[in-house]
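Working notes, beginning with the structure itself.
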Amino acid sequence: MTVDDIRDTIRQSVNRITGIAPAEIHDLSSYRDELGLDSLSALEVMVDIEYAFRIKVPEERLQTIQTPQRGGRIVLFTSRSPPSVISTI
């Protein structure tokens with residue numbers, strides 16, 4: 001799994017939920033302000049990502065994921081780190 005794979009998967013998830021073209025979804029696009037996701041839609045993106053990468057993001061981290069870049073970092077660290085490291089991201 002590369003960073004580009006993660007980025008593409010997140011963009012595809014946002015695309016499925018919002019209809020926004022993947023090319024228009026940037027790493028620092030705010031889920032709420034720029035992409036128009038409400039909290040339920042943002043959660044749906046994260047559940048989709050958890051399923052795609054076979055990871056579990058701790059619930060306390062979900063609210064901190066406000067951009068595709070942050071989501072990608074969480075995926076990367078969650079898939080490579082023990083649980084004690086994940087909680088510090």
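The chains in the structure tokens are called A, B, ... from first to last as shown; in each chain the residues are counted from 1, and the ligands are counted from 1 in the order shown.
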What's around Thr2 of chain A at 12 Å? Count only C-alpha atoms, leave out sequence neighbours fewer than 6 positions away in its own chain, and write the answer as a PDB file with C-alpha atoms, in the first residue's frame.
ATOM      1  CA  ASP A   8      -6.953   7.475  -4.421  1.00  0.00           C
ATOM      2  CA  THR A   9      -9.133   5.305  -2.176  1.00  0.00           C
ATOM      3  CA  PHE A  53      -7.983  -0.998   4.222  1.00  0.00           C
ATOM      4  CA  GLY A  72      -4.587   9.207   4.826  1.00  0.00           C
ATOM      5  CA  ARG A  73      -2.226   9.703   7.741  1.00  0.00           C
ATOM      6  CA  VAL A  75      -4.766   4.942   7.550  1.00  0.00           C
ATOM      7  CA  LEU A  76      -1.012   4.841   7.121  1.00  0.00           C
ATOM      8  CA  SER A  79      -1.990  -0.071   9.308  1.00  0.00           C
ATOM      9  CA  ARG A  80       1.666   0.094  10.378  1.00  0.00           C
TER      10      ARG A  80
END
Where does DSSP see helix (DSSP H, G or I) in segment 7-78 of chain A, if you list the residues as a count of residues only?
-> 45
Expressed in Å to a single decimal, how great is the separation between atom CA of Thr78 of chain A and atom CA of Ala21 of chain A?
->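 Atom CA of Ala21 of chain A lies 26.7 Å from atom CA of Thr78 of chain A.
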Hey, which of A:Leu62, A:Val14, A:Ile49, A:Ile74 ends up closest to Leu35 of chain A? Count only C-alpha atoms.
->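 Ranking A:Leu62, A:Val14, A:Ile49, A:Ile74 by distance to Leu35 of chain A, first place goes to A:Val14.
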Could you give me, as a PyMOL selection string, the residues within 8 Å of Ser13 of chain A, counting only C-alpha atoms and dropping anything in the same chain fewer than 3 positions from it?
-> chain A and resi 9-10+16-17+45+48-49
With distances taken over only C-alpha atoms, which of A:Met1, A:Ser39, A:Arg7, A:Asp27 is nearest to Thr64 of chain A?
->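 Of A:Met1, A:Ser39, A:Arg7, A:Asp27, the one nearest Thr64 of chain A is A:Ser39, counting only C-alpha atoms.
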Among listed residues A:Ile55, A:Gly71, A:Glu50, A:Phe77, nearest Arg11 of chain A (using only C-alpha atoms) =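 Nearest candidate to Arg11 of chain A out of A:Ile55, A:Gly71, A:Glu50, A:Phe77: A:Gly71.
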What is the distance between atom CA of Asp38 of chain A and atom CA of Lys56 of chain A, in Å to one decimal?
-> 21.1 Å
Please, what distance in Å, to one decimal, runs between atom CA of Ala52 of chain A and atom CA of Asn15 of chain A?
-> 14.5 Å
Quick one: residues within 12 Å of Gly36 of chain A, only C-alpha atoms counted, chain neighbours fewer than 6 positions away excluded, as a ChimeraX atom specification?
-> /A:14-15,17-20,25,29-30,42,66-67
Could you write out the selected residues, including C-alpha atoms, as a CSV table (one decimal), in the first residue's frame?
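And here is the file that came out, selection38.csv:
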chain,number,residue,atom,x,y,z
A,14,VAL,CA,-15.7,10.9,-1.1
A,15,ASN,CA,-16.7,10.7,-4.7
A,17,ILE,CA,-20.8,9.8,-1.2
A,18,THR,CA,-20.8,13.4,-2.6
A,19,GLY,CA,-20.6,13.0,-6.4
A,20,ILE,CA,-17.6,15.3,-6.4
A,25,ILE,CA,-10.8,16.5,-4.0
A,29,SER,CA,-9.9,20.1,1.3
A,30,SER,CA,-12.1,20.4,4.4
A,42,ALA,CA,-17.8,12.2,7.0
A,66,GLN,CA,-11.3,16.7,8.8
A,67,THR,CA,-9.4,16.4,5.5
